[in-house]
$ cat coords.tsv   # TSV, C-alpha atoms
chain	number	residue	atom	x	y	z
T	24	PRO	CA	4.88	-30.68	-41.21
T	25	SER	CA	1.29	-30.26	-40.06
T	26	ALA	CA	-1.27	-33.03	-40.16
T	27	ASP	CA	-2.81	-31.33	-43.20
T	28	ASP	CA	0.50	-31.41	-45.07
T	29	LEU	CA	0.91	-35.08	-44.24
T	30	ALA	CA	-2.62	-35.79	-45.39
T	31	ASP	CA	-1.93	-34.07	-48.70
T	32	GLU	CA	1.29	-36.03	-49.16
T	33	MET	CA	-0.47	-39.29	-48.36
T	34	GLU	CA	-2.92	-38.65	-51.15
T	35	ASP	CA	-0.11	-38.83	-53.69
T	36	VAL	CA	1.23	-42.12	-52.40
T	37	ASP	CA	0.08	-45.21	-54.24
T	38	PHE	CA	-0.08	-47.68	-51.36
T	39	ASP	CA	-0.49	-50.70	-53.62
T	40	GLU	CA	2.92	-50.38	-55.24
T	41	GLU	CA	4.94	-48.98	-52.39
T	42	GLY	CA	3.50	-51.21	-49.72
T	43	ALA	CA	3.87	-54.53	-51.49
T	44	GLU	CA	6.62	-55.78	-49.15
T	45	GLU	CA	5.71	-53.59	-46.23
T	46	PRO	CA	4.09	-55.47	-43.35
T	47	ASP	CA	2.04	-52.32	-42.62
T	48	ALA	CA	0.42	-52.18	-46.03
T	49	GLU	CA	-2.80	-53.65	-44.66
T	50	ALA	CA	-3.07	-51.07	-41.93
T	51	TRP	CA	-2.45	-48.26	-44.36
T	52	GLU	CA	-5.24	-49.33	-46.64
T	53	THR	CA	-7.88	-49.46	-43.94
T	54	GLU	CA	-6.70	-46.11	-42.67
T	55	ASP	CA	-7.00	-44.64	-46.14
T	56	ASP	CA	-10.49	-46.06	-46.56
T	57	GLU	CA	-11.71	-44.33	-43.45
T	58	GLY	CA	-10.52	-40.95	-44.64
T	59	VAL	CA	-7.91	-38.99	-42.76
T	60	GLU	CA	-9.62	-36.94	-40.07
T	61	ASP	CA	-7.60	-33.79	-40.71
T	62	GLY	CA	-7.97	-34.18	-44.44
T	63	MET	CA	-11.71	-33.49	-44.12
T	64	GLU	CA	-11.52	-30.97	-46.95
T	65	ALA	CA	-9.78	-33.32	-49.33
T	66	GLN	CA	-12.89	-35.34	-50.21
T	67	ASP	CA	-15.88	-33.54	-51.71
T	68	ASP	CA	-18.81	-35.71	-52.71
T	69	SER	CA	-21.16	-32.78	-53.27
T	70	GLU	CA	-22.70	-31.75	-56.60
T	71	VAL	CA	-23.33	-28.09	-55.81
T	72	THR	CA	-21.75	-25.68	-53.32
T	73	PHE	CA	-23.53	-22.48	-52.30
T	74	SER	CA	-20.98	-20.05	-50.92
T	75	LEU	CA	-22.61	-16.62	-50.58
T	76	HIS	CA	-22.61	-16.78	-46.77
T	77	SER	CA	-19.60	-15.22	-45.06
T	78	ALA	CA	-19.96	-17.02	-41.70
T	79	SER	CA	-21.41	-20.26	-40.28
T	80	VAL	CA	-24.64	-21.36	-41.96
T	81	PHE	CA	-27.09	-22.37	-39.23
T	82	CYS	CA	-30.24	-23.55	-40.97
T	83	VAL	CA	-31.66	-24.89	-44.22
T	84	SER	CA	-35.10	-25.84	-45.53
T	85	LEU	CA	-36.31	-27.09	-48.88
T	86	ASP	CA	-39.50	-25.82	-50.47
T	87	PRO	CA	-42.07	-28.59	-49.87
T	88	LYS	CA	-43.96	-28.30	-53.15
T	89	THR	CA	-41.20	-28.69	-55.73
T	90	ASN	CA	-38.06	-29.39	-53.64
T	91	THR	CA	-36.17	-27.18	-56.11
T	92	LEU	CA	-35.46	-24.24	-53.79
T	93	ALA	CA	-33.49	-23.98	-50.58
T	94	VAL	CA	-33.44	-21.23	-47.97
T	95	THR	CA	-30.37	-20.89	-45.76
T	96	GLY	CA	-29.68	-18.57	-42.82
T	97	GLY	CA	-26.41	-17.78	-41.15
T	98	GLU	CA	-24.26	-16.05	-38.58
T	99	ASP	CA	-23.63	-13.28	-41.15
T	100	ASP	CA	-27.21	-11.99	-40.42
T	101	LYS	CA	-28.19	-13.08	-43.92
T	102	ALA	CA	-30.70	-15.47	-45.45
T	103	PHE	CA	-30.79	-16.52	-49.10
T	104	VAL	CA	-33.28	-18.37	-51.29
T	105	TRP	CA	-31.43	-20.29	-54.01
T	106	ARG	CA	-31.86	-23.04	-56.58
T	107	VAL	CA	-30.74	-26.49	-55.52
T	108	SER	CA	-29.90	-27.63	-59.06
T	109	ASP	CA	-27.11	-25.10	-59.64
T	110	GLY	CA	-26.77	-22.94	-56.52
T	111	GLU	CA	-28.17	-19.92	-58.39
T	112	LEU	CA	-29.34	-17.13	-56.04
T	113	LEU	CA	-33.05	-16.28	-56.36
T	114	PHE	CA	-33.16	-13.51	-53.78
T	115	GLU	CA	-31.73	-12.36	-50.47
T	116	CYS	CA	-34.04	-12.08	-47.44
T	117	SER	CA	-32.50	-8.80	-46.34
T	118	GLY	CA	-32.92	-6.68	-43.24
T	119	HIS	CA	-31.90	-9.02	-40.42
T	120	LYS	CA	-29.65	-7.56	-37.73
T	121	ASP	CA	-28.66	-10.78	-35.99
T	122	SER	CA	-27.78	-14.39	-36.86
T	123	VAL	CA	-30.54	-16.02	-38.90
T	124	THR	CA	-31.24	-19.25	-37.01
T	125	CYS	CA	-34.66	-20.22	-38.41
T	126	ALA	CA	-35.87	-20.39	-42.01
T	127	GLY	CA	-38.57	-22.31	-43.78
T	128	PHE	CA	-41.18	-22.40	-46.53
T	129	SER	CA	-44.93	-22.57	-46.04
T	130	HIS	CA	-46.60	-25.93	-46.81
T	131	ASP	CA	-47.43	-24.83	-50.39
T	132	SER	CA	-44.10	-23.02	-51.00
T	133	VAL	CA	-45.92	-19.68	-51.47
T	134	PHE	CA	-44.12	-17.98	-48.57
T	135	VAL	CA	-40.70	-18.24	-46.98
T	136	ALA	CA	-40.08	-17.11	-43.40
T	137	THR	CA	-36.74	-16.15	-41.85
T	138	GLY	CA	-36.11	-15.47	-38.17
T	139	ASP	CA	-33.05	-14.12	-36.39
T	140	MET	CA	-31.83	-14.60	-32.83
T	141	SER	CA	-32.99	-11.18	-31.71
T	142	GLY	CA	-36.54	-12.13	-32.62
T	143	LEU	CA	-37.10	-10.34	-35.92
T	144	ILE	CA	-39.21	-12.58	-38.17
T	145	LYS	CA	-39.81	-11.74	-41.82
T	146	VAL	CA	-42.01	-13.41	-44.42
T	147	TRP	CA	-41.49	-13.13	-48.18
T	148	ARG	CA	-43.71	-14.10	-51.09
T	149	VAL	CA	-41.45	-16.45	-53.06
T	150	GLU	CA	-42.81	-15.69	-56.52
T	151	SER	CA	-42.60	-11.90	-56.28
T	152	LYS	CA	-39.54	-11.98	-53.94
T	153	GLU	CA	-41.25	-9.29	-51.85
T	154	GLU	CA	-41.43	-9.00	-48.08
T	155	VAL	CA	-45.09	-9.25	-47.05
T	156	TRP	CA	-44.89	-9.25	-43.25
T	157	SER	CA	-42.51	-8.79	-40.36
T	158	PHE	CA	-42.81	-8.91	-36.59
T	159	GLU	CA	-40.45	-8.62	-33.65
T	160	VAL	CA	-40.70	-10.94	-30.65
T	161	GLY	CA	-38.25	-11.62	-27.83
T	162	ASP	CA	-35.17	-13.77	-28.41
T	163	LEU	CA	-36.21	-16.46	-30.88
T	164	GLU	CA	-35.74	-20.16	-30.01
T	165	TRP	CA	-37.56	-21.93	-32.86
T	166	MET	CA	-40.06	-21.32	-35.65
T	167	GLU	CA	-42.30	-23.60	-37.70
T	168	TRP	CA	-44.95	-23.33	-40.40
T	169	HIS	CA	-48.35	-24.96	-40.01
T	170	PRO	CA	-48.63	-28.16	-42.13
T	171	GLN	CA	-51.84	-27.09	-43.91
T	172	ALA	CA	-52.27	-23.32	-43.53
T	173	HIS	CA	-50.47	-19.98	-43.86
T	174	VAL	CA	-49.87	-19.90	-40.12
T	175	LEU	CA	-46.52	-19.48	-38.40
T	176	LEU	CA	-45.65	-20.67	-34.88
T	177	ALA	CA	-42.58	-19.57	-32.92
T	178	GLY	CA	-41.18	-19.98	-29.42
T	179	THR	CA	-39.23	-17.35	-27.51
T	180	ALA	CA	-36.88	-17.09	-24.57
T	181	ASP	CA	-39.56	-15.59	-22.31
T	182	GLY	CA	-41.53	-18.86	-22.45
T	183	ASN	CA	-44.19	-17.70	-24.87
T	184	SER	CA	-45.20	-19.37	-28.10
T	185	TRP	CA	-46.62	-17.10	-30.78
T	186	MET	CA	-48.96	-17.91	-33.63
T	187	TRP	CA	-49.65	-15.62	-36.60
T	188	LYS	CA	-51.85	-15.77	-39.65
T	189	ILE	CA	-49.79	-14.74	-42.68
T	190	PRO	CA	-49.90	-12.18	-44.20
T	191	SER	CA	-52.68	-10.57	-42.08
T	192	GLY	CA	-50.61	-10.90	-38.91
T	193	ASP	CA	-53.53	-11.90	-36.62
T	194	CYS	CA	-51.75	-13.07	-33.50
T	195	LYS	CA	-52.26	-15.41	-30.55
T	196	THR	CA	-49.85	-16.21	-27.71
T	197	PHE	CA	-49.53	-19.31	-25.55
T	198	GLN	CA	-47.99	-18.52	-22.20
T	199	GLY	CA	-45.60	-21.15	-20.93
T	200	PRO	CA	-43.53	-21.17	-17.73
T	201	ALA	CA	-41.19	-18.21	-17.21
T	202	CYS	CA	-38.29	-19.88	-19.00
T	203	PRO	CA	-37.39	-20.37	-22.68
T	204	ALA	CA	-39.68	-22.39	-24.96
T	205	THR	CA	-36.74	-24.40	-26.33
T	206	CYS	CA	-38.46	-26.51	-29.01
T	207	GLY	CA	-41.86	-26.99	-30.59
T	208	ARG	CA	-43.77	-28.86	-33.25
T	209	ILE	CA	-47.26	-28.56	-34.71
T	210	LEU	CA	-48.92	-31.97	-34.67
T	211	PRO	CA	-50.10	-33.50	-37.99
T	212	ASP	CA	-53.77	-32.75	-37.23
T	213	GLY	CA	-52.90	-29.05	-37.38
T	214	LYS	CA	-55.01	-28.43	-34.27
T	215	ARG	CA	-52.44	-29.01	-31.57
T	216	ALA	CA	-48.82	-28.17	-30.92
T	217	VAL	CA	-46.30	-29.67	-28.53
T	218	VAL	CA	-43.82	-27.28	-26.89
T	219	GLY	CA	-40.84	-28.15	-24.70
T	220	TYR	CA	-39.32	-25.80	-22.13
T	221	GLU	CA	-36.01	-25.18	-20.42
T	222	ASP	CA	-37.37	-26.29	-17.02
T	223	GLY	CA	-37.95	-29.82	-18.35
T	224	THR	CA	-41.72	-29.44	-18.80
T	225	MET	CA	-43.69	-30.16	-21.96
T	226	ARG	CA	-47.13	-28.86	-22.94
T	227	ILE	CA	-49.60	-29.89	-25.59
T	228	TRP	CA	-51.54	-26.81	-26.70
T	229	ASP	CA	-54.93	-26.50	-28.37
T	230	LEU	CA	-54.13	-23.96	-31.08
T	231	LYS	CA	-57.71	-22.82	-31.59
T	232	GLN	CA	-58.67	-22.39	-27.94
T	233	GLY	CA	-55.22	-21.23	-26.85
T	234	THR	CA	-55.40	-23.57	-23.87
T	235	SER	CA	-53.00	-26.25	-22.74
T	236	LEU	CA	-54.47	-29.75	-23.03
T	237	HIS	CA	-51.71	-31.57	-21.14
T	238	VAL	CA	-48.74	-30.53	-19.04
T	239	LEU	CA	-45.94	-32.97	-18.32
T	240	LYS	CA	-43.76	-31.94	-15.41
T	241	GLY	CA	-42.01	-33.40	-12.38
T	242	GLN	CA	-41.56	-37.16	-12.84
T	243	ASP	CA	-43.44	-37.06	-16.16
T	244	GLY	CA	-41.32	-34.24	-17.48
T	245	HIS	CA	-37.55	-34.12	-17.91
T	246	GLN	CA	-34.91	-33.25	-15.32
T	247	ASP	CA	-33.14	-30.86	-17.71
T	248	PRO	CA	-34.07	-28.58	-20.63
T	249	LEU	CA	-35.83	-30.13	-23.62
T	250	THR	CA	-33.79	-30.06	-26.83
T	251	CYS	CA	-36.16	-31.57	-29.41
T	252	VAL	CA	-39.66	-32.92	-29.99
T	253	ALA	CA	-41.12	-35.06	-32.78
T	254	SER	CA	-44.38	-36.81	-33.57
T	255	ASN	CA	-45.21	-39.89	-35.58
T	256	GLN	CA	-47.10	-39.66	-38.88
T	257	ASP	CA	-50.62	-39.66	-37.43
T	258	GLY	CA	-49.69	-37.58	-34.40
T	259	SER	CA	-50.75	-40.22	-31.89
T	260	LEU	CA	-47.26	-40.43	-30.39
T	261	ILE	CA	-44.88	-37.68	-29.37
T	262	MET	CA	-41.25	-38.09	-28.46
T	263	THR	CA	-39.29	-35.56	-26.41
T	264	GLY	CA	-35.52	-35.38	-25.98
T	265	SER	CA	-33.55	-33.58	-23.32
T	266	VAL	CA	-30.17	-32.63	-21.93
T	267	ASP	CA	-30.89	-35.32	-19.28
T	268	CYS	CA	-30.17	-37.96	-22.00
T	269	HIS	CA	-33.67	-39.39	-21.80
T	270	ALA	CA	-36.17	-39.65	-24.64
T	271	LYS	CA	-39.81	-39.93	-23.57
T	272	LEU	CA	-42.57	-41.48	-25.61
T	273	VAL	CA	-45.91	-39.78	-24.92
T	274	ASN	CA	-49.47	-40.60	-25.95
T	275	SER	CA	-50.65	-37.28	-27.41
T	276	ALA	CA	-54.35	-37.96	-26.69
T	277	THR	CA	-53.93	-38.72	-22.98
T	278	GLY	CA	-50.69	-36.86	-22.26
T	279	LYS	CA	-49.37	-39.98	-20.53
T	280	VAL	CA	-45.76	-41.14	-20.76
T	281	VAL	CA	-45.76	-44.52	-22.52
T	282	CYS	CA	-42.09	-45.27	-21.92
T	283	VAL	CA	-38.71	-43.70	-21.28
T	284	PHE	CA	-35.65	-44.53	-23.37
T	285	LYS	CA	-32.51	-44.04	-21.29
T	286	MET	CA	-29.08	-44.19	-22.82
T	287	GLU	CA	-26.81	-45.91	-20.34
T	288	SER	CA	-23.33	-44.65	-21.03
T	289	MET	CA	-20.94	-47.38	-22.19
T	290	ALA	CA	-18.03	-46.09	-20.15
T	291	PRO	CA	-18.46	-45.70	-16.39
T	292	LYS	CA	-18.81	-42.02	-15.52
T	293	VAL	CA	-15.56	-40.76	-14.11
T	294	PRO	CA	-16.13	-37.92	-11.66
T	295	ALA	CA	-14.56	-34.73	-12.99
T	296	GLY	CA	-11.49	-33.53	-11.14
T	297	GLU	CA	-10.84	-29.94	-10.09
T	298	GLY	CA	-11.39	-27.62	-13.03
T	299	GLU	CA	-12.23	-30.52	-15.36
T	300	GLU	CA	-15.43	-30.69	-17.34
T	301	ALA	CA	-17.47	-33.82	-16.92
T	302	GLU	CA	-18.16	-35.63	-20.21
T	303	SER	CA	-21.43	-34.15	-21.36
T	304	ASN	CA	-24.09	-35.96	-23.31
T	305	SER	CA	-27.61	-35.06	-24.38
T	306	VAL	CA	-30.33	-35.98	-26.85
T	307	GLU	CA	-29.80	-33.72	-29.88
T	308	SER	CA	-32.37	-34.99	-32.37
T	309	LEU	CA	-35.06	-37.64	-32.74
T	310	GLY	CA	-37.69	-38.87	-35.16
T	311	PHE	CA	-40.15	-41.61	-36.08
T	312	CYS	CA	-39.93	-44.00	-39.02
T	313	ASN	CA	-43.02	-43.85	-41.27
T	314	VAL	CA	-42.94	-47.44	-42.53
T	315	MET	CA	-41.98	-49.45	-39.43
T	316	PRO	CA	-42.62	-49.02	-35.68
T	317	LEU	CA	-39.14	-47.59	-35.12
T	318	ALA	CA	-37.79	-44.38	-33.64
T	319	ALA	CA	-34.28	-42.94	-33.82
T	320	VAL	CA	-32.52	-40.87	-31.18
T	321	GLY	CA	-29.24	-39.05	-31.83
T	322	TYR	CA	-26.91	-38.18	-28.96
T	323	LEU	CA	-24.14	-35.66	-28.49
T	324	ASP	CA	-21.70	-38.49	-27.71
T	325	GLY	CA	-22.16	-39.82	-31.26
T	326	THR	CA	-24.60	-42.63	-30.52
T	327	LEU	CA	-27.50	-43.19	-32.91
T	328	ALA	CA	-30.01	-45.39	-31.07
T	329	ILE	CA	-32.76	-47.18	-33.01
T	330	TYR	CA	-35.64	-48.14	-30.71
T	331	ASP	CA	-38.36	-50.68	-31.46
T	332	LEU	CA	-41.66	-49.06	-30.44
T	333	SER	CA	-43.65	-52.29	-30.33
T	334	THR	CA	-41.32	-53.87	-27.76
T	335	GLN	CA	-40.07	-50.52	-26.37
T	336	SER	CA	-36.52	-51.81	-26.55
T	337	LEU	CA	-33.19	-50.79	-28.05
T	338	ARG	CA	-32.78	-52.44	-31.44
T	339	HIS	CA	-29.48	-51.02	-32.71
T	340	LYS	CA	-26.72	-48.73	-31.56
T	341	CYS	CA	-24.84	-47.04	-34.41
T	342	GLN	CA	-21.69	-45.32	-33.22
T	343	HIS	CA	-20.29	-42.10	-34.70
T	344	GLU	CA	-16.83	-40.75	-33.96
T	345	SER	CA	-18.28	-37.36	-33.06
T	346	GLY	CA	-21.54	-35.86	-31.89
T	347	ILE	CA	-24.77	-36.13	-33.89
T	348	VAL	CA	-26.25	-32.74	-34.72
T	349	GLN	CA	-29.44	-33.86	-36.41
T	350	LEU	CA	-31.17	-36.90	-37.84
T	351	LEU	CA	-33.94	-37.34	-40.44
T	352	TRP	CA	-35.82	-40.40	-41.68
T	353	GLU	CA	-36.46	-41.05	-45.33
T	354	GLU	CA	-40.15	-40.52	-46.00
T	355	SER	CA	-40.93	-43.99	-47.31
T	356	SER	CA	-38.24	-46.35	-46.04
T	357	ALA	CA	-36.42	-47.47	-42.91
T	358	VAL	CA	-33.34	-45.39	-43.75
T	359	VAL	CA	-32.19	-42.74	-41.30
T	360	TYR	CA	-29.76	-39.92	-42.11
T	361	THR	CA	-27.42	-38.33	-39.60
T	362	CYS	CA	-25.16	-35.31	-39.81
T	363	SER	CA	-22.43	-34.81	-37.28
T	364	LEU	CA	-19.69	-32.61	-35.93
T	365	ASP	CA	-17.12	-34.37	-38.14
T	366	GLY	CA	-18.72	-32.83	-41.24
T	367	ALA	CA	-20.15	-36.02	-42.74
T	368	VAL	CA	-23.67	-37.14	-43.69
T	369	ARG	CA	-24.35	-40.82	-43.13
T	370	LEU	CA	-27.19	-43.09	-44.21
T	371	TRP	CA	-28.12	-45.99	-41.92
T	372	ASP	CA	-30.35	-48.98	-42.51
T	373	ALA	CA	-32.46	-49.04	-39.35
T	374	ARG	CA	-33.41	-52.70	-39.89
T	375	SER	CA	-29.83	-53.97	-39.79
T	376	GLY	CA	-28.16	-51.08	-37.96
T	377	LYS	CA	-25.53	-50.97	-40.72
T	378	MET	CA	-24.22	-47.83	-42.40
T	379	ILE	CA	-25.27	-47.68	-46.07
T	380	SER	CA	-23.11	-44.77	-47.21
T	381	GLU	CA	-21.25	-41.67	-46.13
T	382	TYR	CA	-20.88	-38.30	-47.84
T	383	ARG	CA	-18.19	-35.73	-47.12
T	384	GLY	CA	-17.30	-32.31	-48.44
T	385	HIS	CA	-17.46	-29.87	-45.54
T	386	SER	CA	-14.31	-28.73	-43.74
T	387	ALA	CA	-16.21	-28.05	-40.51
T	388	GLU	CA	-19.18	-29.44	-38.58
T	389	ILE	CA	-22.56	-29.75	-40.30
T	390	LEU	CA	-25.11	-27.60	-38.45
T	391	ASP	CA	-28.33	-28.48	-40.28
T	392	PHE	CA	-29.55	-30.51	-43.24
T	393	ALA	CA	-32.63	-31.34	-45.26
T	394	VAL	CA	-33.62	-34.33	-47.41
T	395	ASN	CA	-35.93	-33.98	-50.41
T	396	LYS	CA	-39.14	-36.01	-50.73
T	397	ASP	CA	-37.88	-38.81	-52.96
T	398	ALA	CA	-34.66	-39.05	-50.94
T	399	SER	CA	-32.43	-38.31	-53.92
T	400	ILE	CA	-30.67	-35.23	-52.54
T	401	VAL	CA	-29.44	-33.92	-49.20
T	402	VAL	CA	-28.71	-30.22	-48.61
T	403	THR	CA	-26.32	-29.43	-45.75
T	404	THR	CA	-25.13	-26.27	-44.00
T	405	SER	CA	-21.89	-25.97	-42.10
T	406	GLY	CA	-19.56	-23.96	-39.92
T	407	ASP	CA	-17.31	-23.67	-43.01
T	408	HIS	CA	-19.65	-20.90	-44.34
T	409	GLN	CA	-21.03	-23.16	-47.07
T	410	ALA	CA	-24.15	-25.05	-48.01
T	411	LYS	CA	-23.80	-28.16	-50.16
T	412	VAL	CA	-26.05	-30.38	-52.23
T	413	PHE	CA	-25.30	-34.12	-52.27
T	414	CYS	CA	-26.91	-36.65	-54.61
T	415	VAL	CA	-27.71	-39.74	-52.56
T	416	GLN	CA	-29.82	-41.69	-55.03
T	417	ARG	CA	-28.74	-45.29	-55.24
T	418	PRO	CA	-29.78	-47.70	-57.97
T	419	ASP	CA	-30.26	-50.56	-55.51
T	420	ARG	CA	-32.54	-48.62	-53.13

$ encode --input "coords.tsv" --output "structure tokens"
Amino acid sequence: PSADDLADEMEDVDFDEEGAEEPDAEAWETEDDEGVEDGMEAQDDSEVTFSLHSASVFCVSLDPKTNTLAVTGGEDDKAFVWRVSDGELLFECSGHKDSVTCAGFSHDSVFVATGDMSGLIKVWRVESKEEVWSFEVGDLEWMEWHPQAHVLLAGTADGNSWMWKIPSGDCKTFQGPACPATCGRILPDGKRAVVGYEDGTMRIWDLKQGTSLHVLKGQDGHQDPLTCVASNQDGSLIMTGSVDCHAKLVNSATGKVVCVFKMESMAPKVPAGEGEEAESNSVESLGFCNVMPLAAVGYLDGTLAIYDLSTQSLRHKCQHESGIVQLLWEESSAVVYTCSLDGAVRLWDARSGKMISEYRGHSAEILDFAVNKDASIVVTTSGDHQAKVFCVQRPDR
């Protein structure tokens, strides 16, 4: 019998009665509590499942104004706007010819933008469900709406970052090094953007002038490609993460590196033998807490590190069985959410480093997720072709 069959059989066993005299009863119970790895599908804590995608679902965003709509994009070259409350389809963002890897709503939820890997970006007016603008760039790496205006920013594999006014399409480009612009973020002031590149450099751009205010490279930059960038609430601090496993804290006004958080691997690195892959690790996601001077860094090896910014030291290490794909902080508390390759969403109390709760329902890795403003729901997308809505509201929080 396969592991799945065994998992199914185990579900029907009542351990309390059968294991009364068994010395192993204790062990069984703890095992059962943790959930059987191969029985990932068995437990579904979600309220709503959206299953119109026919391949992996890569990205999800919630509409910022009402938090009632989600947009998801997938490997099936499709993007959908749907209602979070019941999974009802509002409209399909049709016309993409490649995997939709970026999707998001404008700050006021008037527009929704979808971008595919080949670089075709489309913008739709949500209310009328009509396409109002489209543009084709080179291979798309990332895309983000401006926090206060109908302006879209995107980074491409040729090193350029593009900025458009929507729907007029007025365009400006920011020329980076001749390598992919791997990640980017508009700072909260709306006047600057930080962009990370594959060669380990990072630039802070003046969006109005089109000039770069600061360039971090060499010792100040990273040794390997940047994977993610984030800023704190007032935009005074930026954090960059990289394949080199370092996270750098940067003063956005001066462009100076304030400190470097290095994750020393717990196990000594064993040199890879012939034809063996060395254990790889990298920073996959990071973010700042709004209510305490804390930052979280998620690693591919499953480590969630909580750093104290005032002392620039490691405060907690929360271990996951499998790699962290993304993390998000609750808007008004010291709770951080992680989603990982094992298909679970977990909530962590950053003050104690303890896990608060765990939600399962996907039968494959979670690839992206979003949390609504009052932290009552989480929307996830997965390699199992589905998007799911989980209610995470807790009476005691």

$ closest_atom_pairs --input "coords.tsv" --of "stretch 277-365 of chain T" --to "stretch 374-396 of chain T" --cutoff "7 Å" --atoms "all atoms listed in the file" --output "JSON lines"
{"residue": "T:His339", "atom": "CA", "partner": "T:Gly376", "partner_atom": "CA", "distance": 5.4}
{"residue": "T:Lys340", "atom": "CA", "partner": "T:Gly376", "partner_atom": "CA", "distance": 7.0}
{"residue": "T:Cys341", "atom": "CA", "partner": "T:Gly376", "partner_atom": "CA", "distance": 6.3}
{"residue": "T:Val348", "atom": "CA", "partner": "T:Leu390", "partner_atom": "CA", "distance": 6.5}
{"residue": "T:Gln349", "atom": "CA", "partner": "T:Asp391", "partner_atom": "CA", "distance": 6.7}
{"residue": "T:Glu354", "atom": "CA", "partner": "T:Lys396", "partner_atom": "CA", "distance": 6.6}
{"residue": "T:Ala357", "atom": "CA", "partner": "T:Arg374", "partner_atom": "CA", "distance": 6.7}
{"residue": "T:Cys362", "atom": "CA", "partner": "T:Ile389", "partner_atom": "CA", "distance": 6.2}
{"residue": "T:Ser363", "atom": "CA", "partner": "T:Ile389", "partner_atom": "CA", "distance": 5.9}
{"residue": "T:Leu364", "atom": "CA", "partner": "T:Glu388", "partner_atom": "CA", "distance": 4.2}
{"residue": "T:Asp365", "atom": "CA", "partner": "T:Glu388", "partner_atom": "CA", "distance": 5.4}

$ residues_near_point --input "coords.tsv" --point "(-32.9, -44.4, -48.0)" --cutoff "7 Å" --atoms "all atoms listed in the file" --output "PDB file with C-alpha atoms, in the coordinates of the input"
ATOM      1  CA  GLU T 353     -36.460 -41.050 -45.330  1.00  0.00           C
ATOM      2  CA  SER T 356     -38.240 -46.350 -46.040  1.00  0.00           C
ATOM      3  CA  ALA T 357     -36.420 -47.470 -42.910  1.00  0.00           C
ATOM      4  CA  VAL T 358     -33.340 -45.390 -43.750  1.00  0.00           C
ATOM      5  CA  VAL T 359     -32.190 -42.740 -41.300  1.00  0.00           C
ATOM      6  CA  LEU T 370     -27.190 -43.090 -44.210  1.00  0.00           C
ATOM      7  CA  ALA T 398     -34.660 -39.050 -50.940  1.00  0.00           C
ATOM      8  CA  ARG T 420     -32.540 -48.620 -53.130  1.00  0.00           C
TER       9      ARG T 420
END

$ residues_around --input "coords.tsv" --residues "T:Gly178" --least-positions-apart "2" --cutoff "8 Å" --atoms "all atoms listed in the file" --output "VMD selection string"
chain T and resid 163 to 166 176 180 182 to 185 203 to 207

$ write_last_selection --input "coords.tsv" --atoms "C-alpha atoms" --output "mmCIF file, keeping the file's coordinate frame"
data_model
loop_
_atom_site.group_PDB
_atom_site.id
_atom_site.type_symbol
_atom_site.label_atom_id
_atom_site.label_comp_id
_atom_site.auth_asym_id
_atom_site.auth_seq_id
_atom_site.Cartn_x
_atom_site.Cartn_y
_atom_site.Cartn_z
ATOM 1 C CA LEU T 163 -36.210 -16.460 -30.880
ATOM 2 C CA GLU T 164 -35.740 -20.160 -30.010
ATOM 3 C CA TRP T 165 -37.560 -21.930 -32.860
ATOM 4 C CA MET T 166 -40.060 -21.320 -35.650
ATOM 5 C CA LEU T 176 -45.650 -20.670 -34.880
ATOM 6 C CA ALA T 180 -36.880 -17.090 -24.570
ATOM 7 C CA GLY T 182 -41.530 -18.860 -22.450
ATOM 8 C CA ASN T 183 -44.190 -17.700 -24.870
ATOM 9 C CA SER T 184 -45.200 -19.370 -28.100
ATOM 10 C CA TRP T 185 -46.620 -17.100 -30.780
ATOM 11 C CA PRO T 203 -37.390 -20.370 -22.680
ATOM 12 C CA ALA T 204 -39.680 -22.390 -24.960
ATOM 13 C CA THR T 205 -36.740 -24.400 -26.330
ATOM 14 C CA CYS T 206 -38.460 -26.510 -29.010
ATOM 15 C CA GLY T 207 -41.860 -26.990 -30.590
#

$ atom_distance --input "coords.tsv" --atom1 "atom CA of T:Val306" --atom2 "atom CA of T:Leu323"
6.4 Å

$ atom_distance --input "coords.tsv" --atom1 "atom CA of T:Glu307" --atom2 "atom CA of T:Ser84"
18.3 Å

$ closest_residue --input "coords.tsv" --among "T:Gly244, T:Asp407, T:Asp229, T:Val415" --to "T:Ala78" --atoms "all atoms listed in the file"
T:Asp407

$ residues_around --input "coords.tsv" --residues "T:Ser254" --least-positions-apart "3" --cutoff "10 Å" --atoms "all atoms listed in the file" --output "list in words"
Arg208, Ile209, Leu210, Pro211, Val217, Asp257, Gly258, Ser259, Leu260, Ile261, Met262, Thr263, Leu272, Val273, Asn274, Ser275, Leu309, Gly310 and Phe311 of chain T

$ closest_residue --input "coords.tsv" --among "T:Val283, T:Val160, T:Glu111, T:Cys82" --to "T:Glu98" --atoms "only C-alpha atoms"
T:Cys82

$ atom_distance --input "coords.tsv" --atom1 "atom CA of T:Arg148" --atom2 "atom CA of T:Asp100"
19.8 Å

$ closest_residue --input "coords.tsv" --among "T:Ser122, T:Ser108, T:Ser305, T:Thr224" --to "T:Ser79" --atoms "all atoms listed in the file"
T:Ser122

$ residues_around --input "coords.tsv" --residues "T:Lys195" --least-positions-apart "3" --cutoff "8 Å" --atoms "all atoms listed in the file" --output "JSON, numbers by chain"
{"T": [185, 186, 187, 233]}

$ closest_residue --input "coords.tsv" --among "T:Lys271, T:Arg226, T:Lys279, T:Arg215" --to "T:Val238" --atoms "only C-alpha atoms"
T:Arg226

$ closest_residue --input "coords.tsv" --among "T:Ile227, T:Ala270, T:Ala136, T:Val94" --to "T:His245" --atoms "all atoms listed in the file"
T:Ala270

$ closest_residue --input "coords.tsv" --among "T:Asp68, T:Asp86, T:Asp212, T:Asp397" --to "T:Asn255" --atoms "only C-alpha atoms"
T:Asp212
